[in-house]
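Dumped target35.csv below, it's CSV, C-alpha atoms:
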```csv
chain,number,residue,atom,x,y,z
V,1,GLN,CA,15.5,-15.6,-14.2
V,2,VAL,CA,15.7,-18.2,-16.9
V,3,GLN,CA,13.2,-21.1,-16.7
V,4,LEU,CA,13.7,-24.5,-18.2
V,5,VAL,CA,10.7,-26.8,-18.2
V,6,GLU,CA,11.0,-30.5,-19.0
V,7,SER,CA,8.1,-32.6,-20.2
V,8,GLY,CA,7.5,-35.9,-21.9
V,9,GLY,CA,8.5,-38.4,-19.3
V,10,GLY,CA,6.5,-41.4,-18.3
V,11,LEU,CA,6.2,-45.1,-17.9
V,12,VAL,CA,7.2,-47.2,-20.9
V,13,GLN,CA,8.0,-50.9,-21.5
V,14,ALA,CA,11.5,-52.0,-22.5
V,15,GLY,CA,12.1,-51.4,-26.2
V,16,GLY,CA,9.7,-48.5,-26.2
V,17,SER,CA,10.3,-44.8,-27.0
V,18,LEU,CA,9.7,-41.4,-25.5
V,19,ARG,CA,10.4,-37.9,-26.5
V,20,LEU,CA,11.5,-35.4,-23.8
V,21,SER,CA,11.2,-31.7,-24.3
V,22,CYS,CA,13.0,-28.8,-22.6
V,23,ALA,CA,11.4,-25.5,-23.2
V,24,THR,CA,13.4,-22.4,-22.2
V,25,SER,CA,12.3,-18.9,-21.5
V,26,ARG,CA,15.4,-17.5,-23.3
V,27,ASN,CA,16.7,-17.8,-26.8
V,28,ILE,CA,18.4,-21.1,-26.7
V,29,LEU,CA,21.2,-19.9,-29.0
V,30,ARG,CA,22.3,-17.6,-26.3
V,31,PHE,CA,23.5,-20.6,-24.4
V,32,ASP,CA,26.8,-22.3,-25.4
V,33,ALA,CA,25.2,-25.7,-24.7
V,34,ILE,CA,22.0,-27.4,-23.7
V,35,ASN,CA,22.5,-30.6,-21.9
V,36,TRP,CA,20.4,-33.5,-20.8
V,37,TYR,CA,21.4,-35.3,-17.6
V,38,ARG,CA,19.8,-38.1,-15.7
V,39,GLN,CA,19.9,-39.4,-12.2
V,40,ALA,CA,18.8,-42.8,-11.1
V,41,PRO,CA,18.1,-43.5,-7.4
V,42,GLY,CA,21.3,-43.8,-5.4
V,43,GLU,CA,23.4,-42.8,-8.4
V,44,GLN,CA,25.3,-39.7,-9.4
V,45,ARG,CA,23.9,-37.4,-12.0
V,46,GLU,CA,25.3,-38.3,-15.4
V,47,LEU,CA,25.5,-36.4,-18.7
V,48,VAL,CA,23.5,-38.1,-21.3
V,49,ALA,CA,23.6,-35.8,-24.3
V,50,SER,CA,24.4,-32.3,-25.3
V,51,ILE,CA,24.0,-29.9,-28.2
V,52,THR,CA,26.0,-26.7,-28.6
V,53,SER,CA,24.9,-23.4,-30.1
V,54,GLY,CA,26.8,-24.4,-33.2
V,55,GLY,CA,24.8,-27.6,-33.4
V,56,ARG,CA,27.5,-30.1,-32.4
V,57,THR,CA,26.1,-33.0,-30.5
V,58,ASN,CA,27.6,-35.4,-28.0
V,59,TYR,CA,26.3,-38.5,-26.3
V,60,ALA,CA,27.2,-40.8,-23.5
V,61,ASP,CA,28.4,-44.2,-24.7
V,62,SER,CA,25.5,-45.9,-22.9
V,63,VAL,CA,22.9,-44.1,-25.1
V,64,LYS,CA,24.7,-43.7,-28.4
V,65,ALA,CA,22.6,-44.9,-31.4
V,66,ARG,CA,19.5,-45.0,-29.1
V,67,PHE,CA,19.0,-41.4,-28.0
V,68,THR,CA,19.0,-38.3,-30.3
V,69,ILE,CA,19.2,-34.7,-29.2
V,70,SER,CA,17.8,-31.9,-31.4
V,71,ARG,CA,16.4,-28.4,-31.1
V,72,ASP,CA,13.8,-26.1,-32.5
V,73,ASN,CA,15.2,-22.6,-32.4
V,74,ASP,CA,11.9,-21.0,-33.2
V,75,LYS,CA,10.3,-22.7,-30.2
V,76,ASN,CA,13.4,-22.3,-27.9
V,77,THR,CA,13.0,-26.0,-27.2
V,78,VAL,CA,15.5,-28.9,-27.1
V,79,TYR,CA,14.3,-32.4,-27.5
V,80,LEU,CA,15.7,-35.8,-26.5
V,81,GLN,CA,14.3,-38.7,-28.4
V,82,LEU,CA,14.7,-42.0,-26.5
V,83,LYS,CA,14.4,-45.2,-28.4
V,84,SER,CA,15.1,-48.9,-27.6
V,85,LEU,CA,14.6,-48.0,-23.9
V,86,LYS,CA,16.1,-50.3,-21.3
V,87,PRO,CA,15.2,-50.6,-17.6
V,88,ASP,CA,18.7,-49.1,-16.9
V,89,ASP,CA,17.5,-45.9,-18.5
V,90,THR,CA,15.1,-45.4,-15.6
V,91,ALA,CA,15.9,-42.1,-14.0
V,92,VAL,CA,14.9,-38.5,-13.6
V,93,TYR,CA,16.0,-36.6,-16.7
V,94,TYR,CA,17.1,-33.0,-16.3
V,95,CYS,CA,17.7,-30.2,-18.8
V,96,ASN,CA,20.6,-27.9,-18.2
V,97,ALA,CA,21.6,-24.7,-20.0
V,98,VAL,CA,25.1,-23.2,-19.7
V,99,VAL,CA,27.3,-20.4,-20.9
V,100,TRP,CA,30.9,-21.6,-20.7
V,101,GLY,CA,33.2,-19.6,-18.5
V,102,THR,CA,30.5,-17.9,-16.6
V,103,SER,CA,28.1,-18.7,-13.7
V,104,VAL,CA,25.2,-19.1,-16.1
V,105,ASP,CA,24.1,-22.6,-15.3
V,106,TYR,CA,20.3,-23.2,-15.3
V,107,TRP,CA,18.4,-26.4,-14.5
V,108,GLY,CA,14.9,-27.6,-15.0
V,109,GLN,CA,12.9,-29.5,-12.4
V,110,GLY,CA,13.3,-32.9,-14.1
V,111,THR,CA,11.0,-35.4,-15.7
V,112,GLN,CA,10.7,-39.0,-14.6
V,113,VAL,CA,11.3,-41.8,-17.1
V,114,THR,CA,10.5,-45.3,-15.9
V,115,VAL,CA,11.2,-48.3,-18.1
V,116,SER,CA,9.6,-51.6,-17.1
V,117,SER,CA,11.1,-55.0,-18.1
```

Rewrite the structure of this file - the entire thing - as structure tokens.
Amino acid sequence: QVQLVESGGGLVQAGGSLRLSCATSRNILRFDAINWYRQAPGEQRELVASITSGGRTNYADSVKARFTISRDNDKNTVYLQLKSLKPDDTAVYYCNAVVWGTSVDYWGQGTQVTVSS
């Protein structure tokens, strides 16, 4: 069973920064993509950013130019750098690893990000 462990969440003031980490128990390059999702109270889970095994990145419009996804292959860890945080960024952030076209779809337990105004 693959494990994904998120860390790095916390309470930050608007305009501040955080770096989230997603450590996997499997070689991250064996996944087609590692995704970061977030879910605010009463809202649906939304895709925030993704990085493919080939290194292609994609971002939700709401976080472009503020969030950066990256990875350290040696550490099997994917990062999400959050900058210029807004209260609307408050949510539980989840890491997700997938292999396209298969049932491989793993989730972490989530890490809370709270942005105060």

*Determine the nearest neighbour of Ala65 of chain V from the options V:Gln44, V:Gln81, V:Gln3, V:Ser53, counting all atoms listed in the file.*
V:Gln81

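The closest residue to Tyr94 of chain V, picked from V:Leu18, V:Gln109, V:Phe31, V:Val2 and counting only C-alpha atoms, is V:Gln109.
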
_I'd like the interatomic distance between atom CA of Gln112 of chain V and atom CA of Asn76 of chain V, to a tenth of an Å._
21.5 Å

*Within 12 Å of Ile69 of chain V using all atoms listed in the file, minus same-chain residues under 6 positions, as a PyMOL selection string*: chain V and resi 19-22+33-37+48-52+55-60+63+77-83+95

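Nearest to Thr114 of chain V of all the residues V:Gln1, V:Asn27, V:Ser84, V:Gln13 is V:Gln13, based on all atoms listed in the file.
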
*Residues at most 12 Å from Glu43 of chain V, counting all atoms listed in the file, excluding those fewer than 2 positions away in the same chain, as number ranges by chain?*
V: 38-41, 45-46, 88, 90-92

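Atom CA of Phe67 of chain V is found 26.0 Å from atom CA of Val104 of chain V.
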
*For Trp100 of chain V, which residue among V:Asp32, V:Arg66, V:Leu11, V:Gly42 is the nearest when counting only C-alpha atoms?*
V:Asp32

*What gap, in Å, lies between atom CA of Lys75 of chain V and atom CA of Leu4 of chain V?*
12.6 Å

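The shortest atom-to-atom distance to Ser117 of chain V, with only C-alpha atoms taken into account, belongs to V:Asp89 out of V:Glu6, V:Asp61, V:Asp89, V:Asp74.
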
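Of the listed residues (V:Ser25, V:Gly16, V:Thr68, V:Gly9), V:Ser25 comes nearest to Tyr106 of chain V; the distances count all atoms listed in the file.
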
Expected axis-aligned box over every listed atom of segment 42-56 of chain V, 5 Å added per side, centre plus edges in Å to one decimal, as AutoDock Vina command-line options:
```
--center_x 24.4 --center_y -33.6 --center_z -19.4 --size_x 16.2 --size_y 30.4 --size_z 38.0
```

Reconstructed segment 17-32 of chain V, atom set N, CA, C and O atoms, as a PDB file, in the frame of the given file:
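Output file result.pdb follows:
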```
ATOM      1  N   SER V  17       9.690 -46.131 -26.708  1.00  0.00           N
ATOM      2  CA  SER V  17      10.300 -44.800 -27.000  1.00  0.00           C
ATOM      3  C   SER V  17       9.547 -43.720 -26.254  1.00  0.00           C
ATOM      4  O   SER V  17       8.372 -43.858 -25.890  1.00  0.00           O
ATOM      5  N   LEU V  18      10.270 -42.633 -26.045  1.00  0.00           N
ATOM      6  CA  LEU V  18       9.700 -41.400 -25.500  1.00  0.00           C
ATOM      7  C   LEU V  18      10.434 -40.232 -26.113  1.00  0.00           C
ATOM      8  O   LEU V  18      11.582 -40.371 -26.560  1.00  0.00           O
ATOM      9  N   ARG V  19       9.784 -39.090 -26.108  1.00  0.00           N
ATOM     10  CA  ARG V  19      10.400 -37.900 -26.500  1.00  0.00           C
ATOM     11  C   ARG V  19      10.324 -36.840 -25.399  1.00  0.00           C
ATOM     12  O   ARG V  19       9.207 -36.448 -25.034  1.00  0.00           O
ATOM     13  N   LEU V  20      11.459 -36.450 -24.872  1.00  0.00           N
ATOM     14  CA  LEU V  20      11.500 -35.400 -23.800  1.00  0.00           C
ATOM     15  C   LEU V  20      11.676 -34.064 -24.451  1.00  0.00           C
ATOM     16  O   LEU V  20      12.364 -33.925 -25.460  1.00  0.00           O
ATOM     17  N   SER V  21      11.068 -33.077 -23.824  1.00  0.00           N
ATOM     18  CA  SER V  21      11.200 -31.700 -24.300  1.00  0.00           C
ATOM     19  C   SER V  21      11.731 -30.821 -23.173  1.00  0.00           C
ATOM     20  O   SER V  21      11.417 -31.048 -22.004  1.00  0.00           O
ATOM     21  N   CYS V  22      12.503 -29.834 -23.559  1.00  0.00           N
ATOM     22  CA  CYS V  22      13.000 -28.800 -22.600  1.00  0.00           C
ATOM     23  C   CYS V  22      12.740 -27.464 -23.229  1.00  0.00           C
ATOM     24  O   CYS V  22      13.413 -27.065 -24.189  1.00  0.00           O
ATOM     25  N   ALA V  23      11.759 -26.795 -22.698  1.00  0.00           N
ATOM     26  CA  ALA V  23      11.400 -25.500 -23.200  1.00  0.00           C
ATOM     27  C   ALA V  23      12.071 -24.404 -22.323  1.00  0.00           C
ATOM     28  O   ALA V  23      12.002 -24.473 -21.095  1.00  0.00           O
ATOM     29  N   THR V  24      12.715 -23.460 -22.975  1.00  0.00           N
ATOM     30  CA  THR V  24      13.400 -22.400 -22.200  1.00  0.00           C
ATOM     31  C   THR V  24      12.730 -21.070 -22.415  1.00  0.00           C
ATOM     32  O   THR V  24      12.062 -20.836 -23.427  1.00  0.00           O
ATOM     33  N   SER V  25      12.932 -20.198 -21.437  1.00  0.00           N
ATOM     34  CA  SER V  25      12.300 -18.900 -21.500  1.00  0.00           C
ATOM     35  C   SER V  25      13.268 -17.854 -22.141  1.00  0.00           C
ATOM     36  O   SER V  25      12.949 -16.670 -22.184  1.00  0.00           O
ATOM     37  N   ARG V  26      14.405 -18.342 -22.618  1.00  0.00           N
ATOM     38  CA  ARG V  26      15.400 -17.500 -23.300  1.00  0.00           C
ATOM     39  C   ARG V  26      15.761 -18.105 -24.612  1.00  0.00           C
ATOM     40  O   ARG V  26      15.713 -19.319 -24.778  1.00  0.00           O
ATOM     41  N   ASN V  27      16.166 -17.274 -25.554  1.00  0.00           N
ATOM     42  CA  ASN V  27      16.700 -17.800 -26.800  1.00  0.00           C
ATOM     43  C   ASN V  27      17.750 -18.807 -26.604  1.00  0.00           C
ATOM     44  O   ASN V  27      18.782 -18.520 -25.998  1.00  0.00           O
ATOM     45  N   ILE V  28      17.496 -20.040 -27.053  1.00  0.00           N
ATOM     46  CA  ILE V  28      18.400 -21.100 -26.700  1.00  0.00           C
ATOM     47  C   ILE V  28      19.795 -20.904 -27.354  1.00  0.00           C
ATOM     48  O   ILE V  28      20.792 -21.461 -26.885  1.00  0.00           O
ATOM     49  N   LEU V  29      19.886 -20.109 -28.402  1.00  0.00           N
ATOM     50  CA  LEU V  29      21.200 -19.900 -29.000  1.00  0.00           C
ATOM     51  C   LEU V  29      22.071 -18.958 -28.214  1.00  0.00           C
ATOM     52  O   LEU V  29      23.252 -18.788 -28.527  1.00  0.00           O
ATOM     53  N   ARG V  30      21.508 -18.379 -27.153  1.00  0.00           N
ATOM     54  CA  ARG V  30      22.300 -17.600 -26.300  1.00  0.00           C
ATOM     55  C   ARG V  30      23.087 -18.408 -25.254  1.00  0.00           C
ATOM     56  O   ARG V  30      23.918 -17.892 -24.505  1.00  0.00           O
ATOM     57  N   PHE V  31      22.790 -19.692 -25.241  1.00  0.00           N
ATOM     58  CA  PHE V  31      23.500 -20.600 -24.400  1.00  0.00           C
ATOM     59  C   PHE V  31      24.594 -21.325 -25.231  1.00  0.00           C
ATOM     60  O   PHE V  31      24.367 -21.648 -26.389  1.00  0.00           O
ATOM     61  N   ASP V  32      25.737 -21.582 -24.633  1.00  0.00           N
ATOM     62  CA  ASP V  32      26.800 -22.300 -25.400  1.00  0.00           C
ATOM     63  C   ASP V  32      26.356 -23.783 -25.577  1.00  0.00           C
ATOM     64  O   ASP V  32      26.716 -24.396 -26.569  1.00  0.00           O
TER      65      ASP V  32
END
```
